[in-house]
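Chemist: Before I ask anything, here is the structure I am working with.
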Amino acid sequence: MEIKFDELDYQLQAVESSVNIFEGQTIRNSEFTVSAVTNAVGTMFAEDGIGIANRIHINPETMLNNVRKSQIKNGIAPSDNLLGNDYTFPMFNIEMETGTGKTYVYFKTILELYEKYGFLKFIIVVPSVAIKEGVLKTFEMTKETFAKNHQGVIYDLFPYDSSKLDWIRQFATANTIDIMVITMDSFNKKSEAGAILDNKGNTNVIYRQSDQIGGERAIDLIAETRPFLIIDEPQVVDNTKRARDSIARLNPSVGFRYSATHKDKSFPTIFRLGAVEAYEEELVKQIEVASINLEEDGNKAHLKLQNVENKNGKISAQIEVYKKTKAGAIKDTMKFQQGDNVATKTKLQVYEKVGIIQDIDTTPGQEAVFFEGEPSVITLSSATQEDLELKRLQIRRTIKAHLDKELRLLGQGIKVLSLFFLDQVSNYRIYTEEGFKKGRYAQIFEEEYEALTSLPEYSELRDKSVSVDEVHDGYFAKDNKGQYKESKTGTAKADESTYEIIMRDKEGLLTQYNLEEGNDARAHKIRFIFSHSALKEGWDNPNVFQICTLVDTKDELTKRQKIGRGLRIGVNQDGKRVPGFDVNTLTVVANESYEDFARELQTEYEEDGVVFGVFEDDSFATIILSYNPVSDEYDALGKEQSKRLIKEMQQNGYIDSKRHATDKLRLAIKNDEIQLSKKFEDIKEEVLEVASKKVRTLEIKNADEKVAIKVNKEALSEDFLALWEKIKHKTTYRVNFNTEQLIQNVLHGTSYYPYGVKAIEVDKPSYTFKLGKLQIDDSGIEGVEESNASNETPKEIHYELPDIITFLQNETKLTRNTITTILSKAGNLEQFKINPLSYMNKVANIIDLHKRYLTFDGLEYRKVENDYYEQSLFTDETLEAYLDKDFKVDTTKNKTTHDYVKVDSNIEREFAKDAELDESIKYYIKLPSEFKIRTPLGNYNPDWAVLKEEDNDQRLYFVIETKGSIDPSQLRVTESLKINAGKKHFKAVDTGVTFKKATDLKEL
């Protein structure tokens, strides 16, 4: 199949934005010659009177005006000048998200510049061999399309080759459209003495006199053409002063800088299709992250070095470990320094054999952490626990997602591809003297593929004429024997051989295998691609719908590079794009949560210069004030006025000091009303529209409805004093504890808590799958959970058993003798072998719960004489209420202390409302947080104090604990025990107060 290149609106807009810069340029005959003139410093090239190609005949003022018109049309803040950092010629930024066709756009721009103005000479500067190969491939694929759309125009493209300098003379002298592709390294090497060298230490050939071009220098021939410059990925190409000086030697007339994110914003941006716009317009694939996480482990001393750093002599290491939390052991990255005890920091006994960190080496290329125990050292390329089972589950998940996608797209002619990134070729293919054998990931893949495709639900996808080893292949660099080999990113020969293979097979990989139609080429059968992690840029394939990273060591690929290989919209067997998120979803199978993936992806965008949720000086600059249809000119607010508007909004509390939206602005957006000065009053709607894109949520507390709570002094009556007198006393407590009873309770359970150690059953450590879609907008990137998949349990694992007695002694504070008795009578220590940490945690939790219940059973309170809660606690005037949340009191009834009751839930709000309306309730108080009853589990704060009067005028006093349920089994253990402690406290106070647990007032 051949990929068809439709001219998409946004691509035409990008082309137009560049071409229109030269509006007013007269079309002229571009014929010119190059002749030699000898002077005192040698042979130089000069204009011979006929002219030099690509000379621009419009003045800078006209060009700047053209630029500003394009910018305003494209919603970009208009620029004040044409020049950026270090250059004396105009350069323009064109921002296009990965996968939206920037290479196609700059090829079409070249042809449009020729057709409209007669410009002939163009140079494409790329940062690497990888991107060069991608450019050459796009040229090959688009040539036929462009020939049809541009009246058969003939143009030539060649890669710069220092051994074929005659091509440079052709480029410089021919009256044709010529495009040269050159890597930055070809003319940017430099020695200590300042001479520009090639990669063998010789002066770069481009700067040397050569017999191939009549003794002249290639750089001078190029410079004479005044070429138009295309810089692909400028953040890599010209990010140093030396690189910019080298580019200036090409003597360009003008330059266009194409990238997904421009770090250098000093150049005028004339077109922008960023990540947010591309996502919102569905011009790239939607991204979902299938995360695989270990639900509970910590039974092995996992150590994985992520990074080391030396900041002003403070050396530290970021190491992935398991650490103890209330929920169990979780995997996390922690910061360690020399002298740290790993077991102490992680709070896990399994790390005791690792011991103390003795040294941290931060030498580049030698990063390592040394321990006193086992292991003795870890590096960036090794971990103590390689989780092969996790890799298997990643592979299985990727294959399943692939097959599910194939079922969904069945009949649409879309071939589905999946991509696995590796860090070591040997994990996929191992060479021996006898030949080669499959690496472990290749073996796992084939096992899992066979297992899944044998299931009935995937039966129609299995073609028996294609064997399992034909559906996958690896794309790696090869040595001179044709064998795959390891390659480092950026190694020219390795990159060239690798990219040549994967780019050559691009259309073949997109073609569906069909034996009847003769489509039986090797590439047609391949649906799963294994690739070296060095392949991080310069290539992609529109039908990559799943990406899985199988990397044991520090990952060289950023998340943006990973997703970039599969962001392009998919194509069918006619080579046509099939738009829409219903087809185009890229599934990233990761061994991290989708929330973490989203957070780190946003961080990478921000590091590349993308700003989320921040109001910059020019955020409102593109608001249109007026339009003149005669001149086709727009008048926009502009950068200076936008800056003033930002300052005004900060002064008025709409934007905070960090340039983020405040609750006041969120409320203004929600109500579609904002207060601005007369200068900006006419553009309020436009301001709110721009502002709304910077805000993710409008769920706010209404600051305008916030009020101070005041004491109702009229209500501080005899009823209040009578109630306070009843509840003001403080108590202290003691505990009677029976060890034998505890052992029996722990083993068998009780009516309070029926679970005992004898009933413990543990699961094998298991993995949980979660699927989250990434939502991308101006406010940021967020992972939103879509589904929770079932757990999958790995194969039998044998653990080194920890010291359970010491662990339980530390956790429960019981004696070793008591713990030994419990374990010996439990009779289920085989569960300990299956999952030691899980078993120990469950035993510790059961002991702790029964210890608490037994403690509270033996809890005795006594009143402390002459020690009271201060009356002032009930008359605090520092509280604030929200009108839409807290309860407003009818102060004329004088039934409580304040004019508002601050509540924590709807249950409490309803209780206050009922107390206000119930005539039998003479007084009620929402007890302040400082009203605390001491318990063995910490301080306890009941909810309400109530004075109730019945028909016979008898006063009844209640202290109420309002809960959604009064069933103890529905309350958390701690809550239930504290409530019972509350009952004992008021019984000890002995002032006639009844402690009640209720869901509403009726239960009194």
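Ligands are numbered from 1 in the order shown, chains are lettered A, B, ... in the order of the structure tokens, and residues start at 1 in each chain.
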Which residues, written as a list in words, have at least one atom at most 12 Å from Lys913 in chain A, with only C-alpha atoms counted and residues fewer than 6 positions away on the same chain left out?
Modeler: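 Contacts, in chain order: Asp886, Phe887, Lys888, Val889, Asp890, Lys895, Thr896, Tyr900, Val901, Val903, Asn906, Ile907, Glu919, Ile921, Tyr924, Asp1000 and Leu1001 of chain A.
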Chemist: May I have the residues within 7 Å of Ala598 in chain A as number ranges by chain, using only C-alpha atoms and disregarding those fewer than 6 positions away in the same chain?
Modeler: A: 774, 781-783
Chemist: For range 870-874 of chain A, please output as an MDAnalysis selection string all residues within 10 Å (counting only C-alpha atoms; exclusion window: fewer than 3 positions along the same chain).
Modeler: chainID A and resid 711 716 720:721 724:725 728:729 867 877 896:898 925:931
Chemist: Once you have the residues from the selection above, write them out as a PDB file, in the first residue's frame, restricted to N, CA and C atoms.
Modeler:
```
ATOM      1  N   VAL A 711     -21.064  35.463  68.126  1.00  0.00           N
ATOM      2  CA  VAL A 711     -21.714  34.933  69.328  1.00  0.00           C
ATOM      3  C   VAL A 711     -23.059  35.633  69.529  1.00  0.00           C
ATOM      4  N   LEU A 716     -26.692  33.262  75.670  1.00  0.00           N
ATOM      5  CA  LEU A 716     -25.849  32.758  76.770  1.00  0.00           C
ATOM      6  C   LEU A 716     -26.657  32.861  78.061  1.00  0.00           C
ATOM      7  N   PHE A 720     -27.919  27.686  78.820  1.00  0.00           N
ATOM      8  CA  PHE A 720     -26.532  27.437  78.409  1.00  0.00           C
ATOM      9  C   PHE A 720     -25.682  27.090  79.619  1.00  0.00           C
ATOM     10  N   LEU A 721     -25.800  27.857  80.693  1.00  0.00           N
ATOM     11  CA  LEU A 721     -24.989  27.617  81.891  1.00  0.00           C
ATOM     12  C   LEU A 721     -25.314  26.274  82.512  1.00  0.00           C
ATOM     13  N   TRP A 724     -23.643  23.672  80.341  1.00  0.00           N
ATOM     14  CA  TRP A 724     -22.186  23.695  80.490  1.00  0.00           C
ATOM     15  C   TRP A 724     -21.772  23.082  81.823  1.00  0.00           C
ATOM     16  N   GLU A 725     -22.548  23.356  82.880  1.00  0.00           N
ATOM     17  CA  GLU A 725     -22.247  22.800  84.201  1.00  0.00           C
ATOM     18  C   GLU A 725     -22.279  21.273  84.177  1.00  0.00           C
ATOM     19  N   LYS A 728     -18.881  20.131  81.792  1.00  0.00           N
ATOM     20  CA  LYS A 728     -17.602  20.826  81.880  1.00  0.00           C
ATOM     21  C   LYS A 728     -16.494  20.001  82.520  1.00  0.00           C
ATOM     22  N   HIS A 729     -16.803  18.923  83.208  1.00  0.00           N
ATOM     23  CA  HIS A 729     -15.810  18.194  83.991  1.00  0.00           C
ATOM     24  C   HIS A 729     -14.872  17.356  83.107  1.00  0.00           C
ATOM     25  N   ASP A 867     -10.962  20.493  87.610  1.00  0.00           N
ATOM     26  CA  ASP A 867     -10.346  20.605  86.286  1.00  0.00           C
ATOM     27  C   ASP A 867     -11.483  20.593  85.274  1.00  0.00           C
ATOM     28  N   GLU A 877     -15.130  33.639  68.719  1.00  0.00           N
ATOM     29  CA  GLU A 877     -15.593  34.490  67.620  1.00  0.00           C
ATOM     30  C   GLU A 877     -14.630  34.478  66.440  1.00  0.00           C
ATOM     31  N   THR A 896     -28.944  28.430  70.814  1.00  0.00           N
ATOM     32  CA  THR A 896     -27.542  28.009  70.710  1.00  0.00           C
ATOM     33  C   THR A 896     -26.648  29.229  70.794  1.00  0.00           C
ATOM     34  N   THR A 897     -25.351  29.017  70.840  1.00  0.00           N
ATOM     35  CA  THR A 897     -24.407  30.073  71.224  1.00  0.00           C
ATOM     36  C   THR A 897     -24.102  31.075  70.115  1.00  0.00           C
ATOM     37  N   HIS A 898     -24.184  30.682  68.806  1.00  0.00           N
ATOM     38  CA  HIS A 898     -23.752  31.536  67.700  1.00  0.00           C
ATOM     39  C   HIS A 898     -24.874  31.719  66.680  1.00  0.00           C
ATOM     40  N   ILE A 925     -25.700  22.695  71.447  1.00  0.00           N
ATOM     41  CA  ILE A 925     -24.385  23.277  71.133  1.00  0.00           C
ATOM     42  C   ILE A 925     -23.619  22.317  70.221  1.00  0.00           C
ATOM     43  N   LYS A 926     -23.075  22.850  69.144  1.00  0.00           N
ATOM     44  CA  LYS A 926     -22.092  22.074  68.365  1.00  0.00           C
ATOM     45  C   LYS A 926     -20.779  22.180  69.134  1.00  0.00           C
ATOM     46  N   LEU A 927     -20.345  21.054  69.715  1.00  0.00           N
ATOM     47  CA  LEU A 927     -19.190  21.104  70.612  1.00  0.00           C
ATOM     48  C   LEU A 927     -17.927  21.517  69.859  1.00  0.00           C
ATOM     49  N   PRO A 928     -17.162  22.475  70.386  1.00  0.00           N
ATOM     50  CA  PRO A 928     -15.947  22.940  69.704  1.00  0.00           C
ATOM     51  C   PRO A 928     -14.889  21.837  69.649  1.00  0.00           C
ATOM     52  N   SER A 929     -13.985  21.949  68.682  1.00  0.00           N
ATOM     53  CA  SER A 929     -12.964  20.912  68.489  1.00  0.00           C
ATOM     54  C   SER A 929     -12.047  20.778  69.699  1.00  0.00           C
ATOM     55  N   GLU A 930     -11.971  21.843  70.514  1.00  0.00           N
ATOM     56  CA  GLU A 930     -11.122  21.791  71.711  1.00  0.00           C
ATOM     57  C   GLU A 930     -11.757  20.988  72.853  1.00  0.00           C
ATOM     58  N   PHE A 931     -13.028  20.635  72.715  1.00  0.00           N
ATOM     59  CA  PHE A 931     -13.708  19.829  73.739  1.00  0.00           C
ATOM     60  C   PHE A 931     -13.316  18.369  73.491  1.00  0.00           C
TER      61      PHE A 931
END
```
Chemist: I need the residues in range 572-780 of chain A that are helix (DSSP H, G or I) according to DSSP; give them as a ChimeraX atom specification.
Modeler: /A:594-607,638-651,663-671,681-692,703-705,713-715,718-727,739-748,757-759
Chemist: Go ahead and write the residues just picked, C-alpha atoms, as a compact mmCIF listing (two decimals), in the first residue's frame.
Modeler:
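Here's the written file out.txt:
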```
# COMPACT_ATOMS: atom_id res chain seq x y z
CA TYR A 594 -1.65 6.41 34.89
CA GLU A 595 -1.67 9.34 37.35
CA ASP A 596 2.14 9.22 37.58
CA PHE A 597 2.43 8.87 33.80
CA ALA A 598 0.21 11.94 33.27
CA ARG A 599 2.11 13.96 35.88
CA GLU A 600 5.54 13.11 34.42
CA LEU A 601 4.34 13.71 30.86
CA GLN A 602 3.12 17.18 31.88
CA THR A 603 6.49 17.84 33.54
CA GLU A 604 8.27 16.94 30.29
CA TYR A 605 6.04 19.30 28.31
CA GLU A 606 6.75 22.06 30.84
CA GLU A 607 10.50 21.43 30.65
CA GLY A 638 -1.41 43.22 21.82
CA LYS A 639 1.27 42.22 24.28
CA GLU A 640 1.53 45.53 26.15
CA GLN A 641 -2.21 45.83 26.83
CA SER A 642 -2.39 42.13 27.73
CA LYS A 643 0.35 42.70 30.29
CA ARG A 644 -1.63 45.58 31.80
CA LEU A 645 -4.77 43.46 31.92
CA ILE A 646 -2.90 40.69 33.74
CA LYS A 647 -1.66 43.23 36.30
CA GLU A 648 -5.19 44.57 36.82
CA MET A 649 -6.57 41.06 37.34
CA GLN A 650 -3.84 40.36 39.89
CA GLN A 651 -4.64 43.55 41.77
CA ASP A 663 -11.38 31.05 43.36
CA LYS A 664 -12.63 34.53 42.54
CA LEU A 665 -11.79 34.03 38.85
CA ARG A 666 -13.32 30.53 38.90
CA LEU A 667 -16.52 32.04 40.27
CA ALA A 668 -16.42 34.76 37.59
CA ILE A 669 -16.10 32.08 34.90
CA LYS A 670 -18.88 30.04 36.49
CA ASN A 671 -21.23 33.05 36.64
CA GLU A 681 -14.93 46.37 29.87
CA ASP A 682 -15.84 45.83 26.20
CA ILE A 683 -13.84 42.59 25.98
CA LYS A 684 -15.15 40.90 29.15
CA GLU A 685 -16.59 37.94 27.24
CA GLU A 686 -13.32 37.35 25.40
CA VAL A 687 -11.34 37.61 28.65
CA LEU A 688 -13.53 34.99 30.33
CA GLU A 689 -13.26 32.71 27.28
CA VAL A 690 -9.46 32.82 27.38
CA ALA A 691 -9.38 32.46 31.18
CA SER A 692 -11.68 29.42 31.16
CA ALA A 703 -15.61 33.47 48.84
CA ASP A 704 -18.37 36.07 48.55
CA GLU A 705 -20.60 33.84 50.71
CA LYS A 713 -24.97 36.95 73.58
CA GLU A 714 -28.72 36.84 74.23
CA ALA A 715 -28.47 33.05 74.00
CA GLU A 718 -29.42 29.98 82.18
CA ASP A 719 -30.05 27.06 79.84
CA PHE A 720 -26.53 27.44 78.41
CA LEU A 721 -24.99 27.62 81.89
CA ALA A 722 -27.01 24.62 83.07
CA LEU A 723 -25.81 22.56 80.13
CA TRP A 724 -22.19 23.69 80.49
CA GLU A 725 -22.25 22.80 84.20
CA LYS A 726 -23.29 19.26 83.28
CA ILE A 727 -20.51 18.66 80.68
CA THR A 739 -2.95 -11.30 78.62
CA GLU A 740 -4.58 -14.76 78.58
CA GLN A 741 -7.85 -13.24 77.43
CA LEU A 742 -6.00 -11.33 74.70
CA ILE A 743 -4.40 -14.55 73.37
CA GLN A 744 -7.80 -16.26 73.17
CA ASN A 745 -9.40 -13.24 71.49
CA VAL A 746 -6.56 -12.94 68.96
CA LEU A 747 -6.75 -16.62 68.07
CA HIS A 748 -10.52 -17.03 67.80
CA VAL A 757 -5.38 -15.36 63.53
CA LYS A 758 -6.61 -18.91 62.94
CA ALA A 759 -8.80 -17.63 60.09
```
Chemist: Nearest residue to Gln286 in chain A out of A:Arg909, A:Lys189, A:Lys764, A:Arg568, using only C-alpha atoms?
Modeler: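 Among A:Arg909, A:Lys189, A:Lys764, A:Arg568, it is A:Arg568 that comes nearest to Gln286 in chain A.
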Chemist: Hey, which of A:Ile444, A:Ile709, A:Leu823, A:Met334 ends up closest to Asp876 in chain A? Count only C-alpha atoms.
Modeler: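 Closest to Asp876 in chain A, using only C-alpha atoms: A:Ile709.
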Chemist: I want to know what sits within 8 Å of Ile206 in chain A, based on only C-alpha atoms, with residues of the same chain fewer than 5 positions away left out; could you give that as a short mmCIF file (atom, residue, chain, number, x, y, z; two decimals) with N, CA and C atoms, in the first residue's frame?
Modeler:
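Final file, part23.cif:
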```
data_model
loop_
_atom_site.label_atom_id
_atom_site.label_comp_id
_atom_site.auth_asym_id
_atom_site.auth_seq_id
_atom_site.Cartn_x
_atom_site.Cartn_y
_atom_site.Cartn_z
N SER A 162 30.09 14.39 2.33
CA SER A 162 31.39 15.05 2.18
C SER A 162 32.24 14.41 1.10
N SER A 186 27.75 17.80 10.56
CA SER A 186 28.54 17.89 9.32
C SER A 186 29.26 19.21 9.18
N PHE A 187 28.82 20.23 9.89
CA PHE A 187 29.50 21.53 9.77
C PHE A 187 29.61 22.26 11.11
N ARG A 217 35.73 26.10 -1.71
CA ARG A 217 35.17 25.57 -0.48
C ARG A 217 33.66 25.41 -0.63
N ALA A 218 33.15 24.27 -0.19
CA ALA A 218 31.71 24.01 -0.31
C ALA A 218 30.89 25.06 0.43
N ILE A 219 31.37 25.51 1.59
CA ILE A 219 30.61 26.47 2.39
C ILE A 219 30.40 27.76 1.62
#
```
